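A.B. asks: Mind looking over this structure? Questions follow.
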Amino acid sequence: MAKRRMSEKKRRMYRRRRIAAALLAVLFLLVCAGLVWGVGAGIRALRSGDGGQGASTSTRQDAKNNSKDKDNKDKQGKEQKKDAGKKRSSGAPDCDKGDLALELAAPNPSTGVGGSIDFTVTIRHKGTGSCLVDGSDGGRVLVITSGEDTVWRSDACPVGARTLLMATGDKDVQTITWHADRSQESCQPDQKLPRVKAGSYQAKLVLKADSKVVSQPVPVMVQ
């Protein structure tokens with residue numbers, strides 16, 4: 001049987017269909033590729049947004065910490081200037097030997113080796129005008145001696161100022177404890193200081209700002 005010959009018109013129709021099918025396939029691939037690219041771009045955008053937020057959070061935290069450090073420094077600065085400000089606002093001068101008297105007493109003036117002695121220290125205002133004095137253990141200093149040897153001082157370690165505005169008749173009474181030990185060149189806690197040997201010692205109170213202001217000596221005994 002002879003093969004039926006396709007007309008030219010049908011061949012053109014089939015070619016158009018194949019071209020259309022090929023274009024549809026290409027268009028479908030382009031759409032799929034666009035969708036894949038869009039999803040990837042969305043994921044990258046989300047990740048970039050999270051990173052930006054993290055960086056922003058870190059920046060805010062750093063700023064907060066810097067602000068806190070600044071506040072702490074400002075607070076320390078204000079505390080350091082407090083005594084100077086008190087002097088300026090009161091207009092009072094520093095106390096000297098004409099304003100103050102120092103008194104020292106030891107209710108129990110003896111202890112065993114390794115023990116301790118409590119001293120009652122008093123600053124008394126005897127002048128006529130108001131004045132300022134450092135009433136800390138570094139301002140009115142308890143000194144323990146043995147002959148010419150200085151055994152212990154209450155200002156051997158740094159002590160913060162304790163500024164007192166005193167007027168006629170005022171007095172400040174505090175207690176200082178000597179643990180029958182010997183001060184060292186560098187600051188050391190009492191438990192690390194060497195204990196003194198048994199013997200007699202002498203205590204006195206001295207105003208650091210004016211060494212002419214001194215208490216009567218008080219003898220003590222370490223047995």
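We name chains A, B, ... following the order of the structure tokens; residues begin at 1 in each chain, and ligands are numbered from 1 as shown.
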Name all residues at most 7 Å from Tyr201 (chain A) (count only C-alpha atoms; drop same-chain ones fewer than 2 positions away) and give them as a short mmCIF file (atom, residue, chain, number, x, y, z; two decimals) with C-alpha atoms, in the first residue's frame.

C.D. replies:
```cif
data_model
loop_
_atom_site.label_atom_id
_atom_site.label_comp_id
_atom_site.auth_asym_id
_atom_site.auth_seq_id
_atom_site.Cartn_x
_atom_site.Cartn_y
_atom_site.Cartn_z
CA ILE A 144 51.92 52.58 118.73
CA THR A 145 55.59 52.87 119.65
CA SER A 146 58.21 51.01 121.62
CA GLY A 199 56.49 43.96 126.44
CA ALA A 203 50.01 54.76 122.23
CA PRO A 219 50.91 53.02 128.12
CA VAL A 220 49.74 49.52 127.17
CA MET A 221 51.11 46.05 127.90
#
```

A.B. asks: Have a look at A:Arg153, A:Lys10, A:Arg195, A:Lys126 and name the one nearest to Val141 (chain A); count only C-alpha atoms.

C.D. replies: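 With only C-alpha atoms as the atom set, the closest residue is A:Arg153.
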
A.B. asks: Enumerate as a VMD selection string all residues of region 126-196 of chain A assigned to strand (DSSP E or B) by DSSP on the backbone, naming them with the chain letters and numbers the document uses.

C.D. replies: chain A and resid 131 to 134 140 to 146 149 to 153 163 to 166 171 to 178 181 195

A.B. asks: Between A:Gly127, A:Gly38, A:Pro109, A:Gly135, which is the closest to Val206 (chain A) once you count only C-alpha atoms?

C.D. replies: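 Going through A:Gly127, A:Gly38, A:Pro109, A:Gly135 one by one, the smallest distance to Val206 (chain A) is for A:Gly135.
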
A.B. asks: So that I can check the surroundings of Gly115 (chain A), please list as a PDB file with N, CA and C atoms, in the first residue's frame every protein, DNA and RNA residue that reaches within 10 Å of it, counting only C-alpha atoms and ignoring chain neighbours fewer than 2 positions away.

C.D. replies:
```pdb
ATOM      1  N   SER A 110      45.833  46.111 128.583  1.00  0.00           N
ATOM      2  CA  SER A 110      46.757  44.981 128.450  1.00  0.00           C
ATOM      3  C   SER A 110      46.073  43.831 127.712  1.00  0.00           C
ATOM      4  N   THR A 111      46.925  43.011 127.056  1.00  0.00           N
ATOM      5  CA  THR A 111      46.432  41.847 126.327  1.00  0.00           C
ATOM      6  C   THR A 111      47.551  40.837 126.220  1.00  0.00           C
ATOM      7  N   GLY A 112      47.205  39.628 125.878  1.00  0.00           N
ATOM      8  CA  GLY A 112      48.215  38.612 125.646  1.00  0.00           C
ATOM      9  C   GLY A 112      48.763  38.709 124.234  1.00  0.00           C
ATOM     10  N   VAL A 113      49.892  38.014 123.985  1.00  0.00           N
ATOM     11  CA  VAL A 113      50.473  37.977 122.641  1.00  0.00           C
ATOM     12  C   VAL A 113      49.430  37.394 121.680  1.00  0.00           C
ATOM     13  N   ILE A 117      43.781  45.287 121.691  1.00  0.00           N
ATOM     14  CA  ILE A 117      43.431  46.345 122.648  1.00  0.00           C
ATOM     15  C   ILE A 117      42.550  47.362 121.929  1.00  0.00           C
ATOM     16  N   TRP A 178      43.803  47.832 118.078  1.00  0.00           N
ATOM     17  CA  TRP A 178      45.142  47.387 117.724  1.00  0.00           C
ATOM     18  C   TRP A 178      45.239  45.898 118.029  1.00  0.00           C
ATOM     19  N   HIS A 179      45.593  45.106 117.011  1.00  0.00           N
ATOM     20  CA  HIS A 179      45.649  43.653 117.169  1.00  0.00           C
ATOM     21  C   HIS A 179      47.041  43.173 117.586  1.00  0.00           C
ATOM     22  N   ALA A 180      47.717  44.000 118.358  1.00  0.00           N
ATOM     23  CA  ALA A 180      49.049  43.648 118.878  1.00  0.00           C
ATOM     24  C   ALA A 180      49.949  43.103 117.774  1.00  0.00           C
ATOM     25  N   ASP A 181      49.935  43.812 116.631  1.00  0.00           N
ATOM     26  CA  ASP A 181      50.775  43.400 115.510  1.00  0.00           C
ATOM     27  C   ASP A 181      51.624  44.576 115.045  1.00  0.00           C
ATOM     28  N   ARG A 195      52.911  39.356 114.762  1.00  0.00           N
ATOM     29  CA  ARG A 195      52.531  39.745 116.123  1.00  0.00           C
ATOM     30  C   ARG A 195      53.746  40.270 116.880  1.00  0.00           C
ATOM     31  N   VAL A 196      53.503  41.244 117.732  1.00  0.00           N
ATOM     32  CA  VAL A 196      54.600  41.784 118.525  1.00  0.00           C
ATOM     33  C   VAL A 196      54.887  40.853 119.703  1.00  0.00           C
ATOM     34  N   VAL A 222      51.617  44.176 126.472  1.00  0.00           N
ATOM     35  CA  VAL A 222      51.379  42.876 125.827  1.00  0.00           C
ATOM     36  C   VAL A 222      52.112  41.846 126.662  1.00  0.00           C
ATOM     37  N   GLN A 223      51.367  40.894 127.203  1.00  0.00           N
ATOM     38  CA  GLN A 223      51.956  39.921 128.146  1.00  0.00           C
ATOM     39  C   GLN A 223      52.163  38.558 127.501  1.00  0.00           C
TER      40      GLN A 223
END
```

A.B. asks: With distances taken over only C-alpha atoms, which of A:Thr177, A:Ser136, A:Gln191, A:Ser7 is nearest to Asp155 (chain A)?

C.D. replies: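 Using only C-alpha atoms, the shortest distance to Asp155 (chain A) belongs to A:Ser136.
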
A.B. asks: If we count only C-alpha atoms and set the cut-off at 6 Å, which residues sit around region 93-106 of chain A, ignoring sequence neighbours fewer than 3 positions away in its own chain? Please answer as a ChimeraX atom specification.

C.D. replies: /A:109,119-127,131-133,213-215

A.B. asks: Suppose we keep C-alpha atoms; can you now write the selection as a short mmCIF file (atom, residue, chain, number, x, y, z; two decimals), in the first residue's frame?

C.D. replies:
```cif
data_model
loop_
_atom_site.label_atom_id
_atom_site.label_comp_id
_atom_site.auth_asym_id
_atom_site.auth_seq_id
_atom_site.Cartn_x
_atom_site.Cartn_y
_atom_site.Cartn_z
CA PRO A 109 45.27 48.49 128.46
CA PHE A 119 41.25 52.43 122.15
CA THR A 120 38.65 55.18 122.57
CA VAL A 121 39.69 58.11 120.39
CA THR A 122 38.08 61.53 120.77
CA ILE A 123 38.29 64.73 118.75
CA ARG A 124 37.06 67.70 120.78
CA HIS A 125 36.49 71.19 119.39
CA LYS A 126 37.84 73.75 121.84
CA GLY A 127 37.97 76.83 119.61
CA CYS A 131 36.27 74.27 111.08
CA LEU A 132 36.75 71.08 109.09
CA VAL A 133 38.76 68.04 110.14
CA VAL A 213 47.83 68.38 117.68
CA VAL A 214 48.54 65.26 119.73
CA SER A 215 46.92 63.41 122.61
#
```

A.B. asks: So which residues touch region 156-163 of chain A within 8 Å, counting only C-alpha atoms, skipping near sequence neighbours fewer than 4 positions away, as a CSV table (one decimal) with C-alpha atoms, in the first residue's frame?

C.D. replies:
```csv
chain,number,residue,atom,x,y,z
A,83,ASP,CA,34.3,66.7,100.8
A,132,LEU,CA,36.8,71.1,109.1
A,133,VAL,CA,38.8,68.0,110.1
A,134,ASP,CA,39.3,64.5,108.7
A,135,GLY,CA,38.0,62.2,111.5
A,136,SER,CA,39.0,59.0,109.7
A,137,ASP,CA,41.7,56.5,111.0
A,138,GLY,CA,43.9,58.2,108.4
A,139,GLY,CA,43.2,61.7,109.6
A,152,TRP,CA,52.0,50.3,114.3
A,183,SER,CA,52.7,47.4,110.5
A,184,GLN,CA,54.7,46.7,107.3
A,185,GLU,CA,56.1,49.0,104.6
A,186,SER,CA,53.2,47.9,102.3
A,187,CYS,CA,49.6,47.6,103.3
A,188,GLN,CA,48.7,44.2,104.7
```

A.B. asks: Grab the CA of Arg17 (chain A) to CA of Val36 (chain A) distance for me, in Å with one decimal place.

C.D. replies: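 Taking CA of Arg17 (chain A) as the start and CA of Val36 (chain A) as the end point, the length is 28.6 Å.
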